[in-house]
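coords27.pdb (PDB, C-alpha atoms)
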ATOM      1  CA  MET A  24     177.158  38.424  59.746
ATOM      2  CA  ASN A  25     178.042  35.080  61.318
ATOM      3  CA  GLU A  26     175.779  32.038  61.486
ATOM      4  CA  LYS A  27     175.087  32.634  65.177
ATOM      5  CA  ASP A  28     173.391  35.886  64.273
ATOM      6  CA  ASP A  29     171.163  34.347  61.655
ATOM      7  CA  ILE A  30     167.710  33.825  63.080
ATOM      8  CA  LEU A  31     166.387  32.083  59.981
ATOM      9  CA  GLY A  32     169.311  29.698  59.683
ATOM     10  CA  ARG A  33     170.323  31.281  56.382
ATOM     11  CA  ARG A  34     171.667  34.651  55.249
ATOM     12  CA  PRO A  35     168.726  37.040  54.877
ATOM     13  CA  SER A  36     170.250  39.693  52.594
ATOM     14  CA  GLY A  37     170.027  37.678  49.383
ATOM     15  CA  ASP A  38     166.455  36.669  49.993
ATOM     16  CA  GLN A  39     164.168  39.675  49.648
ATOM     17  CA  PRO A  40     160.509  38.789  50.367
ATOM     18  CA  PHE A  41     159.126  42.237  49.466
ATOM     19  CA  ARG A  42     158.069  43.129  45.934
ATOM     20  CA  ILE A  43     157.517  46.504  44.319
ATOM     21  CA  PRO A  44     155.299  47.667  41.424
ATOM     22  CA  GLU A  45     156.949  47.405  38.022
ATOM     23  CA  ALA A  46     159.018  50.448  36.970
ATOM     24  CA  TYR A  47     158.478  52.025  40.389
ATOM     25  CA  PHE A  48     162.064  53.274  40.668
ATOM     26  CA  GLU A  49     162.200  54.509  37.058
ATOM     27  CA  SER A  50     159.646  57.268  37.657
ATOM     28  CA  LEU A  51     160.680  58.152  41.199
ATOM     29  CA  GLU A  52     162.962  61.115  40.333
ATOM     30  CA  ASP A  53     160.236  62.752  38.246
ATOM     31  CA  ARG A  54     157.604  62.276  40.961
ATOM     32  CA  VAL A  55     159.910  63.657  43.643
ATOM     33  CA  MET A  56     160.824  66.699  41.512
ATOM     34  CA  ALA A  57     157.140  67.292  40.660
ATOM     35  CA  ARG A  58     156.241  67.214  44.347
ATOM     36  CA  ILE A  59     159.085  69.589  45.234
ATOM     37  CA  ALA A  60     157.919  71.996  42.500
ATOM     38  CA  ALA A  61     154.318  71.827  43.763
ATOM     39  CA  GLU A  62     155.378  72.513  47.360
ATOM     40  CA  GLU A  63     157.610  75.417  46.327
ATOM     41  CA  GLN A  64     154.765  76.913  44.292
ATOM     42  CA  ALA A  65     152.468  76.603  47.317
ATOM     43  CA  ASP A  66     155.105  78.363  49.454
ATOM     44  CA  VAL A  67     155.419  81.185  46.914
ATOM     45  CA  ARG A  68     151.634  81.625  46.890
ATOM     46  CA  LYS A  69     151.664  81.834  50.686
ATOM     47  CA  LYS A  70     154.354  84.515  50.520
ATOM     48  CA  SER A  71     152.765  86.632  47.712
ATOM     49  CA  PRO A  72     153.951  90.306  47.546
ATOM     50  CA  VAL A  73     150.458  91.721  48.229
ATOM     51  CA  TRP A  74     150.144  89.759  51.420
ATOM     52  CA  THR A  75     153.737  90.550  52.413
ATOM     53  CA  VAL A  76     153.058  94.305  52.054
ATOM     54  CA  LEU A  77     149.589  94.291  53.588
ATOM     55  CA  ARG A  78     150.324  92.004  56.501
ATOM     56  CA  PRO A  79     152.231  94.487  58.758
ATOM     57  CA  ALA A  80     149.710  97.268  58.053
ATOM     58  CA  LEU A  81     146.746  95.010  58.762
ATOM     59  CA  THR A  82     148.385  93.710  61.919
ATOM     60  CA  LEU A  83     148.990  97.281  63.119
ATOM     61  CA  ALA A  84     145.416  98.309  62.290
ATOM     62  CA  ALA A  85     144.001  95.294  64.075
ATOM     63  CA  MET A  86     146.110  96.008  67.178
ATOM     64  CA  PHE A  87     145.065  99.692  67.164
ATOM     65  CA  ALA A  88     141.408  98.734  66.842
ATOM     66  CA  LEU A  89     141.770  96.292  69.696
ATOM     67  CA  VAL A  90     143.468  98.819  72.002
ATOM     68  CA  PHE A  91     140.947 101.542  71.071
ATOM     69  CA  GLY A  92     138.031  99.175  71.632
ATOM     70  CA  MET A  93     139.329  98.062  75.018
ATOM     71  CA  GLY A  94     140.028 101.674  76.088
ATOM     72  CA  TYR A  95     136.619 102.848  74.916
ATOM     73  CA  GLY A  96     134.936  99.967  76.673
ATOM     74  CA  VAL A  97     136.703 100.633  79.974
ATOM     75  CA  LEU A  98     136.003 104.388  79.825
ATOM     76  CA  SER A  99     132.344 103.887  78.921
ATOM     77  CA  LEU A 100     131.875 101.451  81.742
ATOM     78  CA  THR A 101     133.559 103.698  84.329
ATOM     79  CA  HIS A 102     131.691 106.811  83.159
ATOM     80  CA  THR A 103     128.329 105.039  83.223
ATOM     81  CA  LEU A 104     128.883 103.887  86.790
ATOM     82  CA  ASP A 105     129.867 107.388  88.008
ATOM     83  CA  ARG A 106     126.891 108.969  86.308
ATOM     84  CA  GLY A 107     124.582 106.335  87.676
ATOM     85  CA  THR A 108     125.691 106.855  91.277
ATOM     86  CA  GLY A 109     125.365 110.690  90.970
ATOM     87  CA  THR A 110     121.849 110.429  89.633
ATOM     88  CA  THR A 111     120.823 108.189  92.458
ATOM     89  CA  GLU A 112     122.305 110.516  95.043
ATOM     90  CA  VAL A 113     120.715 113.656  93.561
ATOM     91  CA  SER A 114     117.407 111.960  93.104
ATOM     92  CA  GLY A 115     117.486 110.631  96.660
ATOM     93  CA  TYR A 116     118.445 114.010  98.054
ATOM     94  CA  ALA A 117     115.602 115.731  96.148
ATOM     95  CA  THR A 118     113.123 113.218  97.458
ATOM     96  CA  VAL A 119     114.248 113.790 101.036
ATOM     97  CA  GLU A 120     114.052 117.540 100.570
ATOM     98  CA  GLU A 121     110.541 117.335  99.135
ATOM     99  CA  GLU A 122     109.405 115.158 101.999
ATOM    100  CA  MET A 123     110.906 117.383 104.706
ATOM    101  CA  ILE A 124     109.747 120.797 103.446
ATOM    102  CA  ASN A 125     106.154 121.580 104.349
ATOM    103  CA  PRO A 126     104.576 124.030 101.774
ATOM    104  CA  VAL A 127     102.678 125.851 104.535
ATOM    105  CA  SER A 128     105.929 126.501 106.388
ATOM    106  CA  LEU A 129     107.471 127.958 103.252
ATOM    107  CA  ILE A 130     104.554 130.336 102.705
ATOM    108  CA  ASN A 131     104.716 131.399 106.338
ATOM    109  CA  TYR A 132     108.460 131.937 106.004
ATOM    110  CA  TYR A 133     108.149 134.246 102.996
ATOM    111  CA  GLN A 134     105.183 136.101 104.498
ATOM    112  CA  THR A 135     107.081 136.826 107.660
ATOM    113  CA  ASP A 136     108.294 140.363 108.097
ATOM    114  CA  PRO A 137     112.096 140.322 108.208
ATOM    115  CA  GLU A 138     112.013 143.226 110.714
ATOM    116  CA  GLU A 139     109.854 141.246 113.040
ATOM    117  CA  ASP A 140     111.552 139.555 115.938
ATOM    118  CA  THR A 141     112.172 135.970 115.050
ATOM    119  CA  GLU A 142     112.625 134.805 118.598
ATOM    120  CA  LEU A 143     109.906 132.276 119.410
ATOM    121  CA  ASP A 144     108.744 131.337 122.828
ATOM    122  CA  GLU A 145     107.970 127.768 123.899
ATOM    123  CA  GLU A 146     104.197 128.261 123.854
ATOM    124  CA  THR A 147     104.212 129.519 120.272
ATOM    125  CA  ILE A 148     106.220 126.509 119.175
ATOM    126  CA  ILE A 149     103.854 124.067 120.927
ATOM    127  CA  ASN A 150     100.818 125.758 119.431
ATOM    128  CA  TYR A 151     102.396 125.681 116.008
ATOM    129  CA  LEU A 152     103.216 122.013 116.270
ATOM    130  CA  ALA A 153      99.767 121.162 117.584
ATOM    131  CA  THR A 154      97.924 122.966 114.824
ATOM    132  CA  GLU A 155     100.188 122.454 111.798
ATOM    133  CA  LEU A 156     101.445 118.895 112.227
ATOM    134  CA  SER A 157      99.647 115.590 112.477
ATOM    135  CA  TYR A 158     100.343 112.981 115.165
ATOM    136  CA  SER A 159     102.336 110.861 112.755
ATOM    137  CA  ASP A 160     104.579 113.832 111.831
ATOM    138  CA  LEU A 161     105.120 114.562 115.499
ATOM    139  CA  ALA A 162     105.947 110.925 116.200
ATOM    140  CA  GLU A 163     108.465 110.901 113.352
ATOM    141  CA  ILE A 164     110.148 114.071 114.607
ATOM    142  CA  TYR A 165     110.291 112.608 118.101
ATOM    143  CA  ALA A 166     111.822 109.385 116.795
ATOM    144  CA  GLN A 167     114.475 111.265 114.781
ATOM    145  CA  ALA A 168     115.353 113.506 117.738
ATOM    146  CA  TYR A 169     115.674 110.690 120.331
TER     147      TYR A 169
ATOM    148  CA  MET B   5     178.488  59.959  40.381
ATOM    149  CA  THR B   6     180.173  60.156  43.817
ATOM    150  CA  ASP B   7     178.897  62.162  46.799
ATOM    151  CA  PRO B   8     181.557  64.914  46.473
ATOM    152  CA  GLU B   9     180.740  65.235  42.752
ATOM    153  CA  ILE B  10     177.022  65.548  43.493
ATOM    154  CA  LEU B  11     177.696  68.235  46.110
ATOM    155  CA  GLN B  12     180.066  70.089  43.803
ATOM    156  CA  LEU B  13     177.484  70.076  41.021
ATOM    157  CA  TYR B  14     174.827  71.320  43.463
ATOM    158  CA  ARG B  15     177.029  74.163  44.706
ATOM    159  CA  SER B  16     177.921  75.182  41.162
ATOM    160  CA  GLY B  17     174.261  76.106  40.632
ATOM    161  CA  GLU B  18     173.044  72.953  38.874
ATOM    162  CA  ARG B  19     170.780  72.175  41.804
ATOM    163  CA  GLU B  20     168.104  70.106  40.094
ATOM    164  CA  LYS B  21     170.581  68.086  38.058
ATOM    165  CA  ALA B  22     172.642  67.337  41.176
ATOM    166  CA  PHE B  23     169.555  66.395  43.134
ATOM    167  CA  ARG B  24     168.395  63.992  40.443
ATOM    168  CA  HIS B  25     171.776  62.271  40.727
ATOM    169  CA  LEU B  26     171.369  62.086  44.485
ATOM    170  CA  VAL B  27     167.909  60.490  44.189
ATOM    171  CA  GLU B  28     169.229  58.089  41.547
ATOM    172  CA  SER B  29     172.122  57.051  43.808
ATOM    173  CA  TYR B  30     170.156  56.494  47.012
ATOM    174  CA  LYS B  31     166.549  55.709  46.095
ATOM    175  CA  GLU B  32     166.835  51.899  46.247
ATOM    176  CA  ARG B  33     168.860  51.677  49.449
ATOM    177  CA  LEU B  34     166.599  54.139  51.225
ATOM    178  CA  TYR B  35     163.461  52.466  49.858
ATOM    179  CA  TRP B  36     164.401  49.080  51.300
ATOM    180  CA  HIS B  37     165.442  50.591  54.598
ATOM    181  CA  ILE B  38     162.061  52.344  54.928
ATOM    182  CA  ARG B  39     160.118  49.345  53.587
ATOM    183  CA  ARG B  40     161.495  47.081  56.301
ATOM    184  CA  MET B  41     160.456  49.667  58.860
ATOM    185  CA  VAL B  42     156.883  50.420  57.702
ATOM    186  CA  LEU B  43     156.232  47.212  55.663
ATOM    187  CA  ASP B  44     153.528  48.602  53.339
ATOM    188  CA  HIS B  45     154.625  49.767  49.854
ATOM    189  CA  ASP B  46     152.392  52.881  49.708
ATOM    190  CA  ASP B  47     153.483  54.031  53.167
ATOM    191  CA  THR B  48     157.091  53.439  52.098
ATOM    192  CA  ASP B  49     156.558  55.553  48.985
ATOM    193  CA  ASP B  50     155.179  58.427  51.116
ATOM    194  CA  CYS B  51     158.070  58.246  53.581
ATOM    195  CA  LEU B  52     160.647  58.019  50.796
ATOM    196  CA  GLN B  53     159.249  61.070  49.011
ATOM    197  CA  ASN B  54     159.131  62.993  52.307
ATOM    198  CA  THR B  55     162.764  62.042  52.847
ATOM    199  CA  PHE B  56     163.839  63.464  49.489
ATOM    200  CA  VAL B  57     161.707  66.603  49.848
ATOM    201  CA  LYS B  58     163.344  67.295  53.223
ATOM    202  CA  ALA B  59     166.763  66.573  51.780
ATOM    203  CA  TRP B  60     166.106  69.064  48.948
ATOM    204  CA  SER B  61     164.996  71.802  51.327
ATOM    205  CA  SER B  62     168.047  71.448  53.570
ATOM    206  CA  LEU B  63     170.779  70.387  51.144
ATOM    207  CA  ASP B  64     172.092  73.954  50.900
ATOM    208  CA  ARG B  65     172.719  73.809  54.677
ATOM    209  CA  PHE B  66     174.523  70.442  54.438
ATOM    210  CA  ARG B  67     178.032  71.236  55.649
ATOM    211  CA  GLY B  68     179.698  68.020  54.576
ATOM    212  CA  ASP B  69     181.015  67.088  58.005
ATOM    213  CA  ALA B  70     178.929  63.896  57.745
ATOM    214  CA  GLN B  71     178.688  61.635  54.725
ATOM    215  CA  LEU B  72     175.741  62.254  52.417
ATOM    216  CA  TYR B  73     174.849  58.595  52.877
ATOM    217  CA  THR B  74     174.659  58.920  56.683
ATOM    218  CA  TRP B  75     172.717  62.178  56.448
ATOM    219  CA  LEU B  76     170.093  60.680  54.097
ATOM    220  CA  TYR B  77     169.746  57.539  56.196
ATOM    221  CA  ARG B  78     169.147  59.730  59.236
ATOM    222  CA  ILE B  79     166.339  61.628  57.486
ATOM    223  CA  ALA B  80     164.796  58.371  56.198
ATOM    224  CA  THR B  81     165.011  56.710  59.618
ATOM    225  CA  ASN B  82     163.439  59.718  61.321
ATOM    226  CA  GLU B  83     160.635  59.758  58.731
ATOM    227  CA  SER B  84     159.947  56.061  59.344
ATOM    228  CA  ILE B  85     160.039  56.399  63.133
ATOM    229  CA  THR B  86     157.746  59.438  62.974
ATOM    230  CA  PHE B  87     155.337  57.521  60.727
ATOM    231  CA  LEU B  88     155.281  54.475  63.027
ATOM    232  CA  THR B  89     154.909  56.591  66.171
ATOM    233  CA  LYS B  90     151.959  58.467  64.625
ATOM    234  CA  GLN B  91     150.300  55.200  63.651
ATOM    235  CA  GLN B  92     150.787  53.775  67.134
ATOM    236  CA  THR B  93     149.418  56.937  68.725
ATOM    237  CA  ARG B  94     146.391  56.905  66.432
ATOM    238  CA  GLY B  95     145.583  53.217  66.294
ATOM    239  CA  GLY B  96     147.453  51.723  69.224
ATOM    240  CA  THR B  97     148.528  48.510  67.510
ATOM    241  CA  LEU B  98     148.765  49.404  63.833
ATOM    242  CA  ASP B  99     152.289  48.047  63.642
ATOM    243  CA  LEU B 100     150.985  44.601  64.331
ATOM    244  CA  ALA B 101     148.032  45.142  61.990
ATOM    245  CA  ALA B 102     150.458  46.000  59.178
ATOM    246  CA  ALA B 103     152.461  42.905  60.034
ATOM    247  CA  SER B 104     149.393  40.673  60.085
ATOM    248  CA  ARG B 105     148.367  42.051  56.675
ATOM    249  CA  LEU B 106     151.672  40.788  55.261
ATOM    250  CA  SER B 107     150.252  37.302  54.695
ATOM    251  CA  THR B 108     147.695  38.748  52.245
ATOM    252  CA  ASP B 109     149.845  41.590  50.900
ATOM    253  CA  PRO B 110     150.322  41.152  47.114
ATOM    254  CA  TRP B 111     153.724  42.854  47.438
ATOM    255  CA  PHE B 112     155.019  40.293  49.928
ATOM    256  CA  ASP B 113     155.872  36.799  48.746
ATOM    257  CA  GLY B 114     158.124  35.498  51.496
ATOM    258  CA  ASP B 115     157.737  32.032  52.972
ATOM    259  CA  GLN B 116     156.335  31.250  56.433
ATOM    260  CA  LEU B 117     159.715  31.737  58.116
ATOM    261  CA  GLN B 118     160.199  35.179  56.592
ATOM    262  CA  LEU B 119     156.625  36.125  57.460
ATOM    263  CA  SER B 120     157.272  35.138  61.080
ATOM    264  CA  LEU B 121     160.507  37.129  61.092
ATOM    265  CA  HIS B 122     158.883  40.366  59.841
ATOM    266  CA  LYS B 123     155.916  39.943  62.169
ATOM    267  CA  ALA B 124     158.355  39.579  65.059
ATOM    268  CA  ILE B 125     160.381  42.628  63.992
ATOM    269  CA  ALA B 126     157.152  44.651  63.780
ATOM    270  CA  LYS B 127     156.624  44.082  67.507
ATOM    271  CA  LEU B 128     159.817  46.003  68.357
ATOM    272  CA  PRO B 129     159.640  49.684  69.376
ATOM    273  CA  PRO B 130     160.370  51.954  66.339
ATOM    274  CA  LYS B 131     163.918  52.980  67.288
ATOM    275  CA  GLN B 132     164.935  49.468  68.268
ATOM    276  CA  LYS B 133     163.457  48.246  65.002
ATOM    277  CA  ALA B 134     165.716  50.708  63.138
ATOM    278  CA  VAL B 135     168.772  49.432  65.030
ATOM    279  CA  PHE B 136     167.854  45.831  64.322
ATOM    280  CA  ASN B 137     167.185  46.391  60.595
ATOM    281  CA  LEU B 138     170.327  48.437  59.969
ATOM    282  CA  ARG B 139     172.460  45.837  61.665
ATOM    283  CA  TYR B 140     170.715  42.607  60.655
ATOM    284  CA  PHE B 141     169.732  43.334  57.044
ATOM    285  CA  ASP B 142     172.121  46.098  55.952
ATOM    286  CA  GLU B 143     174.999  44.726  58.048
ATOM    287  CA  MET B 144     175.954  48.279  58.879
ATOM    288  CA  PRO B 145     178.863  48.828  61.348
ATOM    289  CA  TYR B 146     177.805  50.069  64.788
ATOM    290  CA  GLU B 147     179.909  53.180  64.282
ATOM    291  CA  GLN B 148     177.809  54.180  61.283
ATOM    292  CA  ILE B 149     174.497  53.299  62.968
ATOM    293  CA  ALA B 150     175.608  55.457  65.898
ATOM    294  CA  ARG B 151     176.070  58.435  63.560
ATOM    295  CA  ILE B 152     172.671  57.865  61.920
ATOM    296  CA  LEU B 153     170.735  57.474  65.164
ATOM    297  CA  ASP B 154     172.908  59.863  67.182
ATOM    298  CA  THR B 155     173.400  57.237  69.905
ATOM    299  CA  SER B 156     176.494  55.748  71.506
ATOM    300  CA  GLU B 157     177.875  52.483  70.135
ATOM    301  CA  GLY B 158     177.569  50.811  73.545
ATOM    302  CA  ALA B 159     173.863  51.630  73.776
ATOM    303  CA  LEU B 160     173.355  50.356  70.210
ATOM    304  CA  LYS B 161     175.072  47.041  70.906
ATOM    305  CA  ALA B 162     172.881  46.496  73.963
ATOM    306  CA  SER B 163     169.771  47.525  72.030
ATOM    307  CA  TYR B 164     170.596  45.186  69.126
ATOM    308  CA  HIS B 165     171.316  42.295  71.476
ATOM    309  CA  HIS B 166     167.944  42.705  73.240
ATOM    310  CA  ALA B 167     166.142  43.065  69.907
ATOM    311  CA  TYR B 168     167.866  40.004  68.470
ATOM    312  CA  GLU B 169     166.937  37.843  71.459
ATOM    313  CA  LYS B 170     163.327  39.004  71.399
ATOM    314  CA  VAL B 171     162.925  38.460  67.643
ATOM    315  CA  LYS B 172     164.545  35.042  67.841
ATOM    316  CA  ALA B 173     162.215  33.992  70.670
ATOM    317  CA  TRP B 174     159.099  35.302  68.882
ATOM    318  CA  VAL B 175     160.024  33.561  65.614
ATOM    319  CA  LYS B 176     160.681  30.291  67.425
ATOM    320  CA  GLU B 177     157.419  30.608  69.342
ATOM    321  CA  GLU B 178     155.401  31.176  66.163
ATOM    322  CA  MET B 179     157.143  28.425  64.198
ATOM    323  CA  ASP B 180     156.649  25.969  67.070
ATOM    324  CA  ALA B 181     152.947  26.863  67.186
ATOM    325  CA  LYS B 182     152.589  26.297  63.419
ATOM    326  CA  TYR B 183     154.406  22.987  63.173
TER     327      TYR B 183
END
What does this structure look like when you write it as structure tokens?
Amino acid sequence: MNEKDDILGRRPSGDQPFRIPEAYFESLEDRVMARIAAEEQADVRKKSPVWTVLRPALTLAAMFALVFGMGYGVLSLTHTLDRGTGTTEVSGYATVEEEMINPVSLINYYQTDPEEDTELDEETIINYLATELSYSDLAEIYAQAY
Amino acid sequence: MTDPEILQLYRSGEREKAFRHLVESYKERLYWHIRRMVLDHDDTDDCLQNTFVKAWSSLDRFRGDAQLYTWLYRIATNESITFLTKQQTRGGTLDLAAASRLSTDPWFDGDQLQLSLHKAIAKLPPKQKAVFNLRYFDEMPYEQIARILDTSEGALKASYHHAYEKVKAWVKEEMDAKY
């Protein structure tokens, strides 16, 4: 190094300002080897035979459980929705049926002689409607028809 | 023991014995290189031990196309740069804090001029600090520094020149302020 390069105005290499603890270098090899041994032992513990054997099996089991759980969840959800919709429809249909069928009409239907002529004239129908149905029923029928 | 002898001993199966020779041969040079980078003795001890642990774990893959000396310096330099970068990321200005602690550090007994020099060097970015130290203190040829830092010689010369000018200006500034 030439003088031009010397920031301090003197050669720096022979003038070491840093100090080290006494005998620091004497024990360094032993400390390094002890640390290497400790790290290797820790690595061996991490890679123990039991864990090495069990790890693939446990991974497979965990993946199977996950897939099964997801499949079961999806199927349960889909099935519940289908069943729920069906119930609503059936229940709604039954309600409509119950509301529309008049018990008196049913009795009259079963008491009717099958041999008897089922052709009804207009007057009979009007009389039937006037006697058997209330004004609100008639209004509802009218509203549904027109 | 020479580098080829150490490697031959290692490859013959005497791994621990060979490695002890390697540590014995390089511990002081690497210590001082790291110490000038990180300044604090305890931090230097950590980085130096990390350097040797990494060297041990990859020595069987060392192909011999580089010198053992260059290879170890590269590991030590990377350890120091990683340490300094982590400290900067964590604390922002720890480099300067370490430098300012030098005046009260029991393991530093330089005079005011040397204190100013190391405080100025501490202001450099980690990689530029490595270039400056290897060239200024170890007087290492650019060709060898280029192999250690995996950088072109031209880029190193420019980097050293900038670092030198900055350090010189900072030292002058501090000395002028003191006296």
- Task: Apply the PyMOL selection byres ((chain B and resi 56-70) around 10) to the structure shown and report the selected residues as an MDAnalysis selection string.
- Result: (chainID A and resid 52 55:56 58:60 62:63) or (chainID B and resid 7:8 11 14:15 19:20 23 26:27 30:31 34 51:55 71:76 79:80 83 151:152)
- Run the PyMOL selection byres ((chain B and resi 153) around 12) mentally over the shown coordinates, then write out the matched residues as a VMD selection string, using the chain letters and numbers from the document. chain B and resid 74 to 82 85 130 to 135 138 146 to 152 154 to 157 159 to 160
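Reported to one decimal place, the separation of atom CA of Ser120 of chain B from atom CA of Tyr168 of chain B is 13.8 Å.
Shortest atom-to-atom contact with Pro110 of chain B among A:Leu77, A:Ile43, A:Leu161, A:Val67: A:Ile43, counting all atoms listed in the file.
When atom CA of Arg39 of chain B is paired with atom CA of Phe87 of chain B, their separation reads 11.9 Å.
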- Using all atoms listed in the file, determine which residues of chain B fall within 8 Å of chain A; present them as a PyMOL selection string. chain B and resi 24+27-28+31-32+45+53+56-57+60+111-115+117-118+121+140-143+172
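Here atom CA of Leu100 of chain A and atom CA of Met86 of chain A stand 21.1 Å from one another.
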